[in-house]
$ cat query-v7.cif   # mmCIF, C-alpha atoms; chains and numbers go by the auth columns
data_work
loop_
_atom_site.group_PDB
_atom_site.id
_atom_site.type_symbol
_atom_site.label_atom_id
_atom_site.label_comp_id
_atom_site.label_asym_id
_atom_site.label_seq_id
_atom_site.Cartn_x
_atom_site.Cartn_y
_atom_site.Cartn_z
_atom_site.B_iso_or_equiv
_atom_site.auth_seq_id
_atom_site.auth_asym_id
ATOM 1 C CA MET A 1 -67.075 -102.010 -9.095 0.00 1 G
ATOM 2 C CA ALA A 2 -69.092 -102.152 -5.897 0.00 2 G
ATOM 3 C CA GLU A 3 -71.023 -99.155 -7.223 0.00 3 G
ATOM 4 C CA ALA A 4 -72.628 -101.119 -10.060 0.00 4 G
ATOM 5 C CA ALA A 5 -76.426 -100.795 -9.958 0.00 5 G
ATOM 6 C CA PRO A 6 -78.020 -103.851 -8.350 0.00 6 G
ATOM 7 C CA ARG A 7 -80.180 -106.198 -10.421 0.00 7 G
ATOM 8 C CA LEU A 8 -83.768 -105.585 -9.247 0.00 8 G
ATOM 9 C CA ASP A 9 -86.689 -107.805 -10.197 0.00 9 G
ATOM 10 C CA VAL A 10 -90.186 -107.197 -8.793 0.00 10 G
ATOM 11 C CA ARG A 11 -93.076 -109.315 -10.048 0.00 11 G
ATOM 12 C CA VAL A 12 -96.745 -109.370 -8.969 0.00 12 G
ATOM 13 C CA ILE A 13 -98.248 -112.423 -10.631 0.00 13 G
ATOM 14 C CA ALA A 14 -101.068 -114.967 -10.396 0.00 14 G
ATOM 15 C CA GLU A 15 -99.024 -117.969 -11.531 0.00 15 G
ATOM 16 C CA ASP A 16 -96.561 -120.022 -9.491 0.00 16 G
ATOM 17 C CA PHE A 17 -92.796 -119.535 -9.611 0.00 17 G
ATOM 18 C CA ASP A 18 -89.744 -121.782 -9.136 0.00 18 G
ATOM 19 C CA PRO A 19 -87.524 -120.701 -6.193 0.00 19 G
ATOM 20 C CA GLY A 20 -84.661 -122.785 -7.615 0.00 20 G
ATOM 21 C CA VAL A 21 -84.696 -120.818 -10.847 0.00 21 G
ATOM 22 C CA GLU A 22 -84.874 -117.529 -8.937 0.00 22 G
ATOM 23 C CA LEU A 23 -81.957 -118.501 -6.686 0.00 23 G
ATOM 24 C CA ALA A 24 -79.861 -119.535 -9.692 0.00 24 G
ATOM 25 C CA VAL A 25 -80.396 -116.118 -11.273 0.00 25 G
ATOM 26 C CA LEU A 26 -79.136 -114.414 -8.108 0.00 26 G
ATOM 27 C CA GLU A 27 -76.199 -116.849 -7.781 0.00 27 G
ATOM 28 C CA ALA A 28 -75.200 -116.074 -11.361 0.00 28 G
ATOM 29 C CA LEU A 29 -74.447 -112.501 -10.268 0.00 29 G
ATOM 30 C CA GLN A 30 -71.257 -114.050 -8.784 0.00 30 G
ATOM 31 C CA VAL A 31 -71.658 -112.460 -5.393 0.00 31 G
ATOM 32 C CA GLY A 32 -70.579 -113.802 -2.023 0.00 32 G
ATOM 33 C CA GLY A 33 -73.942 -115.000 -0.865 0.00 33 G
ATOM 34 C CA VAL A 34 -77.641 -115.285 -1.559 0.00 34 G
ATOM 35 C CA ALA A 35 -80.361 -115.242 1.128 0.00 35 G
ATOM 36 C CA SER A 36 -83.991 -116.031 0.474 0.00 36 G
ATOM 37 C CA PHE A 37 -87.405 -116.421 2.065 0.00 37 G
ATOM 38 C CA THR A 38 -90.343 -118.315 0.576 0.00 38 G
ATOM 39 C CA GLY A 39 -93.760 -117.770 2.174 0.00 39 G
ATOM 40 C CA LEU A 40 -96.347 -120.563 1.847 0.00 40 G
ATOM 41 C CA VAL A 41 -100.061 -120.847 2.614 0.00 41 G
ATOM 42 C CA ARG A 42 -100.206 -122.360 6.097 0.00 42 G
ATOM 43 C CA ASP A 43 -102.689 -125.060 7.098 0.00 43 G
ATOM 44 C CA ASP A 44 -104.488 -123.083 9.803 0.00 44 G
ATOM 45 C CA GLY A 45 -107.582 -124.674 11.377 0.00 45 G
ATOM 46 C CA GLY A 46 -109.550 -126.023 8.443 0.00 46 G
ATOM 47 C CA LEU A 47 -108.170 -123.591 5.897 0.00 47 G
ATOM 48 C CA THR A 48 -108.274 -124.877 2.330 0.00 48 G
ATOM 49 C CA ALA A 49 -106.915 -121.802 0.554 0.00 49 G
ATOM 50 C CA LEU A 50 -106.189 -118.112 0.841 0.00 50 G
ATOM 51 C CA HIS A 51 -107.580 -115.586 -1.606 0.00 51 G
ATOM 52 C CA LEU A 52 -105.247 -112.618 -2.088 0.00 52 G
ATOM 53 C CA GLU A 53 -106.736 -109.384 -3.365 0.00 53 G
ATOM 54 C CA HIS A 54 -104.450 -106.471 -4.225 0.00 54 G
ATOM 55 C CA TYR A 55 -104.415 -102.911 -5.552 0.00 55 G
ATOM 56 C CA PRO A 56 -102.972 -103.428 -9.015 0.00 56 G
ATOM 57 C CA ALA A 57 -102.129 -99.775 -9.718 0.00 57 G
ATOM 58 C CA MET A 58 -100.139 -99.542 -6.512 0.00 58 G
ATOM 59 C CA THR A 59 -98.696 -102.970 -5.695 0.00 59 G
ATOM 60 C CA ALA A 60 -95.576 -103.158 -7.859 0.00 60 G
ATOM 61 C CA THR A 61 -94.560 -99.540 -7.275 0.00 61 G
ATOM 62 C CA GLN A 62 -95.041 -99.920 -3.526 0.00 62 G
ATOM 63 C CA ILE A 63 -92.848 -103.053 -3.488 0.00 63 G
ATOM 64 C CA GLU A 64 -90.237 -101.186 -5.550 0.00 64 G
ATOM 65 C CA VAL A 65 -90.176 -98.441 -2.903 0.00 65 G
ATOM 66 C CA ILE A 66 -89.400 -101.062 -0.246 0.00 66 G
ATOM 67 C CA VAL A 67 -86.716 -102.648 -2.444 0.00 67 G
ATOM 68 C CA GLN A 68 -85.075 -99.245 -2.991 0.00 68 G
ATOM 69 C CA GLN A 69 -85.013 -98.713 0.774 0.00 69 G
ATOM 70 C CA ALA A 70 -83.226 -102.049 1.190 0.00 70 G
ATOM 71 C CA CYS A 71 -80.710 -101.116 -1.519 0.00 71 G
ATOM 72 C CA ALA A 72 -80.031 -97.785 0.190 0.00 72 G
ATOM 73 C CA ARG A 73 -79.341 -99.546 3.456 0.00 73 G
ATOM 74 C CA TRP A 74 -77.319 -102.636 2.465 0.00 74 G
ATOM 75 C CA PRO A 75 -74.710 -103.224 -0.290 0.00 75 G
ATOM 76 C CA LEU A 76 -76.871 -105.459 -2.498 0.00 76 G
ATOM 77 C CA MET A 77 -76.012 -106.773 -5.963 0.00 77 G
ATOM 78 C CA GLY A 78 -79.417 -108.268 -6.655 0.00 78 G
ATOM 79 C CA VAL A 79 -82.946 -108.324 -5.224 0.00 79 G
ATOM 80 C CA THR A 80 -85.863 -110.446 -6.415 0.00 80 G
ATOM 81 C CA VAL A 81 -89.353 -110.063 -4.939 0.00 81 G
ATOM 82 C CA ILE A 82 -92.245 -112.109 -6.285 0.00 82 G
ATOM 83 C CA HIS A 83 -95.720 -111.762 -4.760 0.00 83 G
ATOM 84 C CA ARG A 84 -98.668 -113.794 -5.994 0.00 84 G
ATOM 85 C CA PHE A 85 -102.360 -112.878 -5.945 0.00 85 G
ATOM 86 C CA GLY A 86 -105.559 -114.840 -6.537 0.00 86 G
ATOM 87 C CA THR A 87 -106.687 -118.075 -4.870 0.00 87 G
ATOM 88 C CA LEU A 88 -103.774 -120.084 -3.454 0.00 88 G
ATOM 89 C CA PRO A 89 -104.355 -123.518 -1.839 0.00 89 G
ATOM 90 C CA VAL A 90 -102.685 -124.686 1.379 0.00 90 G
ATOM 91 C CA GLY A 91 -99.005 -125.356 0.686 0.00 91 G
ATOM 92 C CA ALA A 92 -98.837 -123.009 -2.302 0.00 92 G
ATOM 93 C CA ARG A 93 -96.081 -120.416 -2.546 0.00 93 G
ATOM 94 C CA ILE A 94 -97.278 -116.848 -1.860 0.00 94 G
ATOM 95 C CA VAL A 95 -94.132 -114.775 -1.792 0.00 95 G
ATOM 96 C CA PHE A 96 -90.413 -114.999 -2.555 0.00 96 G
ATOM 97 C CA VAL A 97 -87.690 -112.627 -1.436 0.00 97 G
ATOM 98 C CA GLY A 98 -84.119 -113.212 -2.599 0.00 98 G
ATOM 99 C CA THR A 99 -81.141 -110.959 -1.918 0.00 99 G
ATOM 100 C CA ALA A 100 -77.568 -111.209 -3.183 0.00 100 G
ATOM 101 C CA SER A 101 -74.580 -109.485 -1.654 0.00 101 G
ATOM 102 C CA SER A 102 -70.855 -109.835 -1.111 0.00 102 G
ATOM 103 C CA HIS A 103 -71.617 -109.960 2.594 0.00 103 G
ATOM 104 C CA ARG A 104 -73.771 -112.554 4.335 0.00 104 G
ATOM 105 C CA VAL A 105 -75.053 -110.113 6.963 0.00 105 G
ATOM 106 C CA ALA A 106 -76.285 -107.738 4.254 0.00 106 G
ATOM 107 C CA ALA A 107 -78.003 -110.562 2.384 0.00 107 G
ATOM 108 C CA LEU A 108 -79.655 -112.026 5.497 0.00 108 G
ATOM 109 C CA GLU A 109 -80.700 -108.735 7.099 0.00 109 G
ATOM 110 C CA SER A 110 -82.061 -107.201 3.902 0.00 110 G
ATOM 111 C CA CYS A 111 -84.078 -110.344 3.228 0.00 111 G
ATOM 112 C CA ALA A 112 -85.679 -110.116 6.694 0.00 112 G
ATOM 113 C CA PHE A 113 -86.243 -106.367 6.267 0.00 113 G
ATOM 114 C CA LEU A 114 -87.999 -106.908 2.929 0.00 114 G
ATOM 115 C CA ILE A 115 -90.381 -109.593 4.149 0.00 115 G
ATOM 116 C CA ASP A 116 -91.182 -107.610 7.321 0.00 116 G
ATOM 117 C CA TRP A 117 -92.042 -104.526 5.253 0.00 117 G
ATOM 118 C CA LEU A 118 -93.995 -106.470 2.633 0.00 118 G
ATOM 119 C CA LYS A 119 -96.250 -107.651 5.469 0.00 119 G
ATOM 120 C CA VAL A 120 -97.214 -104.150 6.533 0.00 120 G
ATOM 121 C CA SER A 121 -96.905 -101.992 3.420 0.00 121 G
ATOM 122 C CA ALA A 122 -97.640 -104.039 0.312 0.00 122 G
ATOM 123 C CA PRO A 123 -101.326 -103.466 -0.583 0.00 123 G
ATOM 124 C CA PHE A 124 -102.584 -107.040 -0.331 0.00 124 G
ATOM 125 C CA TRP A 125 -105.545 -108.406 1.620 0.00 125 G
ATOM 126 C CA LYS A 126 -105.964 -112.095 2.438 0.00 126 G
ATOM 127 C CA ARG A 127 -109.252 -113.897 2.865 0.00 127 G
ATOM 128 C CA GLU A 128 -109.488 -117.361 4.383 0.00 128 G
ATOM 129 C CA ILE A 129 -111.293 -119.999 2.343 0.00 129 G
ATOM 130 C CA LYS A 130 -112.561 -122.918 4.428 0.00 130 G
ATOM 131 C CA ALA A 131 -114.587 -126.028 3.711 0.00 131 G
ATOM 132 C CA SER A 132 -117.099 -124.776 6.283 0.00 132 G
ATOM 133 C CA GLY A 133 -117.604 -121.847 8.606 0.00 133 G
ATOM 134 C CA PRO A 134 -116.931 -118.151 8.122 0.00 134 G
ATOM 135 C CA GLN A 135 -114.641 -117.003 5.311 0.00 135 G
ATOM 136 C CA ASN A 136 -112.889 -114.302 7.282 0.00 136 G
ATOM 137 C CA TRP A 137 -110.534 -111.628 6.058 0.00 137 G
ATOM 138 C CA VAL A 138 -107.161 -112.051 7.760 0.00 138 G
ATOM 139 C CA GLU A 139 -106.671 -109.265 10.303 0.00 139 G
ATOM 140 C CA ALA A 140 -103.454 -107.270 10.344 0.00 140 G
ATOM 141 C CA VAL A 141 -101.275 -108.246 13.302 0.00 141 G
ATOM 142 C CA GLY A 142 -99.877 -105.561 15.593 0.00 142 G
ATOM 143 C CA SER A 143 -96.665 -107.523 16.128 0.00 143 G
ATOM 144 C CA ASP A 144 -96.011 -107.284 12.357 0.00 144 G
ATOM 145 C CA ASP A 145 -96.127 -103.485 12.607 0.00 145 G
ATOM 146 C CA GLU A 146 -93.714 -103.652 15.529 0.00 146 G
ATOM 147 C CA ARG A 147 -91.293 -105.890 13.615 0.00 147 G
ATOM 148 C CA ALA A 148 -91.305 -103.562 10.611 0.00 148 G
ATOM 149 C CA SER A 149 -90.962 -100.437 12.753 0.00 149 G
ATOM 150 C CA ALA A 150 -88.009 -101.949 14.596 0.00 150 G
ATOM 151 C CA TRP A 151 -85.951 -101.599 11.397 0.00 151 G
ATOM 152 C CA THR A 152 -86.332 -97.820 11.498 0.00 152 G
ATOM 153 C CA SER A 153 -85.966 -97.334 15.236 0.00 153 G
ATOM 154 C CA GLY A 154 -82.468 -98.787 15.256 0.00 154 G
ATOM 155 C CA GLY A 155 -83.340 -102.272 16.459 0.00 155 G
ATOM 156 C CA SER A 156 -83.315 -105.416 14.408 0.00 156 G
ATOM 157 C CA MET B 1 -112.171 -80.231 -12.339 0.00 157 O
ATOM 158 C CA ALA B 2 -112.444 -83.940 -12.947 0.00 158 O
ATOM 159 C CA ASP B 3 -114.428 -86.156 -10.596 0.00 159 O
ATOM 160 C CA LEU B 4 -112.706 -88.087 -7.825 0.00 160 O
ATOM 161 C CA ASN B 5 -112.325 -91.818 -8.482 0.00 161 O
ATOM 162 C CA ILE B 6 -112.752 -93.890 -5.306 0.00 162 O
ATOM 163 C CA LEU B 7 -111.646 -97.532 -4.990 0.00 163 O
ATOM 164 C CA TYR B 8 -112.640 -100.003 -2.255 0.00 164 O
ATOM 165 C CA PHE B 9 -110.807 -103.184 -1.290 0.00 165 O
ATOM 166 C CA ALA B 10 -111.382 -106.304 0.840 0.00 166 O
ATOM 167 C CA TRP B 11 -114.275 -106.067 3.359 0.00 167 O
ATOM 168 C CA VAL B 12 -114.744 -102.368 2.644 0.00 168 O
ATOM 169 C CA ARG B 13 -115.610 -103.343 -0.941 0.00 169 O
ATOM 170 C CA GLU B 14 -117.892 -106.146 0.271 0.00 170 O
ATOM 171 C CA ARG B 15 -119.846 -103.972 2.711 0.00 171 O
ATOM 172 C CA ILE B 16 -120.371 -101.228 0.160 0.00 172 O
ATOM 173 C CA ALA B 17 -121.129 -103.900 -2.486 0.00 173 O
ATOM 174 C CA LYS B 18 -119.088 -102.205 -5.169 0.00 174 O
ATOM 175 C CA ASP B 19 -115.415 -101.924 -5.978 0.00 175 O
ATOM 176 C CA GLY B 20 -115.481 -98.189 -6.478 0.00 176 O
ATOM 177 C CA GLU B 21 -117.409 -95.105 -7.479 0.00 177 O
ATOM 178 C CA ARG B 22 -116.929 -91.665 -8.953 0.00 178 O
ATOM 179 C CA VAL B 23 -117.976 -88.672 -6.902 0.00 179 O
ATOM 180 C CA ALA B 24 -118.079 -84.970 -7.676 0.00 180 O
ATOM 181 C CA ARG B 25 -114.818 -83.221 -6.883 0.00 181 O
ATOM 182 C CA PRO B 26 -114.899 -82.484 -3.102 0.00 182 O
ATOM 183 C CA GLU B 27 -114.563 -78.886 -1.992 0.00 183 O
ATOM 184 C CA PRO B 28 -111.045 -77.628 -1.412 0.00 184 O
ATOM 185 C CA GLY B 29 -110.074 -78.274 2.167 0.00 185 O
ATOM 186 C CA MET B 30 -112.098 -81.455 2.538 0.00 186 O
ATOM 187 C CA SER B 31 -110.242 -84.275 4.259 0.00 187 O
ATOM 188 C CA ILE B 32 -110.615 -87.974 3.511 0.00 188 O
ATOM 189 C CA ALA B 33 -112.331 -88.402 6.909 0.00 189 O
ATOM 190 C CA ALA B 34 -114.863 -85.675 6.082 0.00 190 O
ATOM 191 C CA LEU B 35 -115.604 -87.301 2.727 0.00 191 O
ATOM 192 C CA LEU B 36 -116.175 -90.638 4.490 0.00 192 O
ATOM 193 C CA ASN B 37 -118.666 -88.876 6.787 0.00 193 O
ATOM 194 C CA ALA B 38 -120.546 -87.576 3.762 0.00 194 O
ATOM 195 C CA LEU B 39 -120.491 -90.958 1.997 0.00 195 O
ATOM 196 C CA SER B 40 -121.736 -92.699 5.181 0.00 196 O
ATOM 197 C CA ALA B 41 -125.039 -90.889 4.723 0.00 197 O
ATOM 198 C CA THR B 42 -125.559 -92.371 1.240 0.00 198 O
ATOM 199 C CA THR B 43 -126.207 -96.054 2.031 0.00 199 O
ATOM 200 C CA PRO B 44 -126.264 -98.343 5.112 0.00 200 O
ATOM 201 C CA GLY B 45 -123.371 -100.262 3.512 0.00 201 O
ATOM 202 C CA HIS B 46 -121.201 -97.141 3.409 0.00 202 O
ATOM 203 C CA ALA B 47 -122.144 -96.332 7.007 0.00 203 O
ATOM 204 C CA GLU B 48 -121.197 -99.830 8.150 0.00 204 O
ATOM 205 C CA ALA B 49 -117.949 -99.905 6.174 0.00 205 O
ATOM 206 C CA PHE B 50 -116.812 -96.529 7.477 0.00 206 O
ATOM 207 C CA ALA B 51 -118.080 -96.847 11.081 0.00 207 O
ATOM 208 C CA ASP B 52 -114.770 -97.779 12.724 0.00 208 O
ATOM 209 C CA ARG B 53 -112.061 -95.472 11.408 0.00 209 O
ATOM 210 C CA THR B 54 -109.346 -97.270 13.380 0.00 210 O
ATOM 211 C CA ARG B 55 -109.821 -100.203 10.969 0.00 211 O
ATOM 212 C CA LEU B 56 -109.544 -98.095 7.812 0.00 212 O
ATOM 213 C CA ARG B 57 -106.501 -97.048 5.810 0.00 213 O
ATOM 214 C CA ALA B 58 -106.283 -94.818 2.741 0.00 214 O
ATOM 215 C CA ALA B 59 -104.139 -94.092 -0.283 0.00 215 O
ATOM 216 C CA LEU B 60 -104.292 -90.911 -2.384 0.00 216 O
ATOM 217 C CA ASP B 61 -102.984 -91.343 -5.921 0.00 217 O
ATOM 218 C CA GLN B 62 -101.434 -94.672 -4.837 0.00 218 O
ATOM 219 C CA ARG B 63 -99.604 -93.329 -1.789 0.00 219 O
ATOM 220 C CA PHE B 64 -100.515 -94.300 1.782 0.00 220 O
ATOM 221 C CA VAL B 65 -101.822 -91.297 3.728 0.00 221 O
ATOM 222 C CA PRO B 66 -103.559 -90.711 7.100 0.00 222 O
ATOM 223 C CA LEU B 67 -107.345 -90.218 7.037 0.00 223 O
ATOM 224 C CA ASP B 68 -107.034 -86.553 8.041 0.00 224 O
ATOM 225 C CA THR B 69 -105.174 -85.795 4.783 0.00 225 O
ATOM 226 C CA LEU B 70 -106.804 -83.208 2.506 0.00 226 O
ATOM 227 C CA ILE B 71 -107.959 -84.645 -0.807 0.00 227 O
ATOM 228 C CA GLY B 72 -106.796 -81.599 -2.748 0.00 228 O
ATOM 229 C CA ASP B 73 -106.486 -82.246 -6.474 0.00 229 O
ATOM 230 C CA ALA B 74 -105.841 -85.995 -6.188 0.00 230 O
ATOM 231 C CA HIS B 75 -107.405 -88.150 -8.913 0.00 231 O
ATOM 232 C CA GLU B 76 -107.740 -91.459 -7.058 0.00 232 O
ATOM 233 C CA LEU B 77 -108.644 -92.296 -3.465 0.00 233 O
ATOM 234 C CA ALA B 78 -108.521 -95.861 -2.158 0.00 234 O
ATOM 235 C CA ILE B 79 -110.122 -96.992 1.120 0.00 235 O
ATOM 236 C CA PHE B 80 -109.221 -100.377 2.619 0.00 236 O
ATOM 237 C CA PRO B 81 -108.443 -102.314 5.813 0.00 237 O
ATOM 238 C CA PRO B 82 -104.860 -102.537 7.094 0.00 238 O
ATOM 239 C CA VAL B 83 -102.873 -104.542 4.549 0.00 239 O
ATOM 240 C CA THR B 84 -101.890 -108.188 5.077 0.00 240 O
ATOM 241 C CA GLY B 85 -99.176 -108.826 2.516 0.00 241 O
ATOM 242 C CA GLY B 86 -96.212 -111.171 2.620 0.00 242 O
#

$ encode --input "query-v7.cif" --output "structure tokens"
Amino acid sequence: MAEAAPRLDVRVIAEDFDPGVELAVLEALQVGGVASFTGLVRDDGGLTALHLEHYPAMTATQIEVIVQQACARWPLMGVTVIHRFGTLPVGARIVFVGTASSHRVAALESCAFLIDWLKVSAPFWKREIKASGPQNWVEAVGSDDERASAWTSGGS
Amino acid sequence: MADLNILYFAWVRERIAKDGERVARPEPGMSIAALLNALSATTPGHAEAFADRTRLRAALDQRFVPLDTLIGDAHELAIFPPVTGG
């Protein structure tokens, strides 16, 4: 019974999503626990929005690779990853990761693993949109690489 | 053999002022880095975009690869800054 294939749902979309609906779908799998992370556009120094560009031919398959790695590592019954693209105003949802498992540690750790790896290996690029001043591309952060790498070097 | 389709993203696309181009199939044994050298000679935008290789990443046929990877018979090459997903 524990060998049943997990329910996997990866979506790369422009429109918004409802985390409550997504959580309910995972809860309906009748597992022990559901963990989730919702990423929002942060109000950083005059930012009005983020514009997310992505590599359409690669994005979904690359996220699926990361999801498969999580499923190989933790006993998961369901995984939902939603990543938006386009222009997203401050406060808007960018990303959702939800994991369902019989075990809370598996649900929590796999959720953290997925968001850490999305940061460094999902082909998205963010540009800041401000009312005034330079519209910079967000630079990759070295500490994000370190967090993601820690999952493979035995740390957590 | 078919041409190589190149895609550019984020500030690489902006500096080159186009989202991609088709180039003649590179010679066997040519690496991505060597192709970037050749393309840098075509316009100032290419030269600027490709100047600092530590800020560039690549994918061949939608798989991340290092810049010293040989292009081989790949159909699609993408050049972009380090990703900022999540």

$ resolve_selection --input "query-v7.cif" --expression "the PyMOL selection byres ((chain G and resi 101) around 7)" --output "ChimeraX atom specification"
/G:31-34,75-77,99-100,102-104,106-107

$ residues_around --input "query-v7.cif" --residues "G:Phe113" --least-positions-apart "6" --cutoff "12 Å" --atoms "all atoms listed in the file" --output "NGL selection string"
(:G and (35-37 or 66-71 or 73-74 or 97-99 or 105-107 or 119-121 or 144 or 147-152 or 155-156)) or (:O and (242))

$ resolve_selection --input "query-v7.cif" --expression "the PyMOL selection byres ((chain O) within 6 of (chain G))" --output "PyMOL selection string"
chain O and resi 218+238-242

$ residues_around --input "query-v7.cif" --residues "G:Ser132" --least-positions-apart "3" --cutoff "10 Å" --atoms "only C-alpha atoms" --output "number ranges by chain"
G: 46-48, 129, 135

$ resolve_selection --input "query-v7.cif" --expression "the PyMOL selection byres ((chain O and resi 205) around 8)" --output "PyMOL selection string"
chain O and resi 167-168+171-172+201-204+206-208

$ closest_residue --input "query-v7.cif" --among "G:Glu128, G:Glu22, G:Glu15, G:Asp145" --to "G:Val41" --atoms "only C-alpha atoms"
G:Glu128

$ axis_aligned_box --input "query-v7.cif" --around "stretch 128-141 of chain G" --padding-each-side "3 Å" --output "AutoDock Vina command-line options"
--center_x -109.4 --center_y -116.6 --center_z 7.8 --size_x 22.3 --size_y 24.8 --size_z 17.0

$ closest_residue --input "query-v7.cif" --among "O:Pro200, O:Phe220, O:Ala230, O:Leu212" --to "O:Met186" --atoms "all atoms listed in the file"
O:Ala230

$ build_atoms --input "query-v7.cif" --residues "stretch 79-100 of chain G" --atoms "N, CA and C atoms" --output "compact mmCIF listing (two decimals), keeping the file's coordinate frame"
# COMPACT_ATOMS: atom_id res chain seq x y z
N VAL G 79 -81.76 -108.10 -6.06
CA VAL G 79 -82.95 -108.32 -5.22
C VAL G 79 -84.07 -108.85 -6.13
N THR G 80 -84.69 -109.94 -5.71
CA THR G 80 -85.86 -110.45 -6.42
C THR G 80 -87.01 -110.54 -5.42
N VAL G 81 -88.14 -109.93 -5.75
CA VAL G 81 -89.35 -110.06 -4.94
C VAL G 81 -90.48 -110.51 -5.87
N ILE G 82 -91.09 -111.63 -5.53
CA ILE G 82 -92.24 -112.11 -6.28
C ILE G 82 -93.40 -112.24 -5.31
N HIS G 83 -94.54 -111.65 -5.62
CA HIS G 83 -95.72 -111.76 -4.76
C HIS G 83 -96.89 -112.20 -5.62
N ARG G 84 -97.53 -113.29 -5.22
CA ARG G 84 -98.67 -113.79 -5.99
C ARG G 84 -99.98 -113.21 -5.48
N PHE G 85 -101.01 -113.25 -6.34
CA PHE G 85 -102.36 -112.88 -5.94
C PHE G 85 -103.31 -113.93 -6.50
N GLY G 86 -104.58 -113.85 -6.09
CA GLY G 86 -105.56 -114.84 -6.54
C GLY G 86 -105.79 -115.88 -5.46
N THR G 87 -106.37 -117.02 -5.83
CA THR G 87 -106.69 -118.08 -4.87
C THR G 87 -105.56 -119.09 -4.81
N LEU G 88 -104.96 -119.24 -3.62
CA LEU G 88 -103.77 -120.08 -3.45
C LEU G 88 -104.08 -121.15 -2.41
N PRO G 89 -104.03 -122.45 -2.78
CA PRO G 89 -104.36 -123.52 -1.84
C PRO G 89 -103.27 -123.69 -0.77
N VAL G 90 -103.64 -124.39 0.31
CA VAL G 90 -102.68 -124.69 1.38
C VAL G 90 -101.44 -125.33 0.77
N GLY G 91 -100.27 -124.84 1.19
CA GLY G 91 -99.00 -125.36 0.69
C GLY G 91 -98.46 -124.59 -0.49
N ALA G 92 -99.30 -123.76 -1.13
CA ALA G 92 -98.84 -123.01 -2.30
C ALA G 92 -97.88 -121.90 -1.88
N ARG G 93 -96.97 -121.56 -2.79
CA ARG G 93 -96.08 -120.42 -2.55
C ARG G 93 -96.86 -119.12 -2.72
N ILE G 94 -96.66 -118.18 -1.77
CA ILE G 94 -97.28 -116.85 -1.86
C ILE G 94 -96.25 -115.81 -2.28
N VAL G 95 -95.09 -115.87 -1.64
CA VAL G 95 -94.13 -114.78 -1.79
C VAL G 95 -92.71 -115.32 -1.78
N PHE G 96 -91.84 -114.67 -2.54
CA PHE G 96 -90.41 -115.00 -2.56
C PHE G 96 -89.62 -113.71 -2.43
N VAL G 97 -88.65 -113.73 -1.53
CA VAL G 97 -87.69 -112.63 -1.44
C VAL G 97 -86.30 -113.23 -1.54
N GLY G 98 -85.50 -112.76 -2.47
CA GLY G 98 -84.12 -113.21 -2.60
C GLY G 98 -83.20 -112.01 -2.67
N THR G 99 -82.10 -112.07 -1.92
CA THR G 99 -81.14 -110.96 -1.92
C THR G 99 -79.74 -111.51 -2.13
N ALA G 100 -78.94 -110.79 -2.90
CA ALA G 100 -77.57 -111.21 -3.18
C ALA G 100 -76.62 -110.09 -2.79
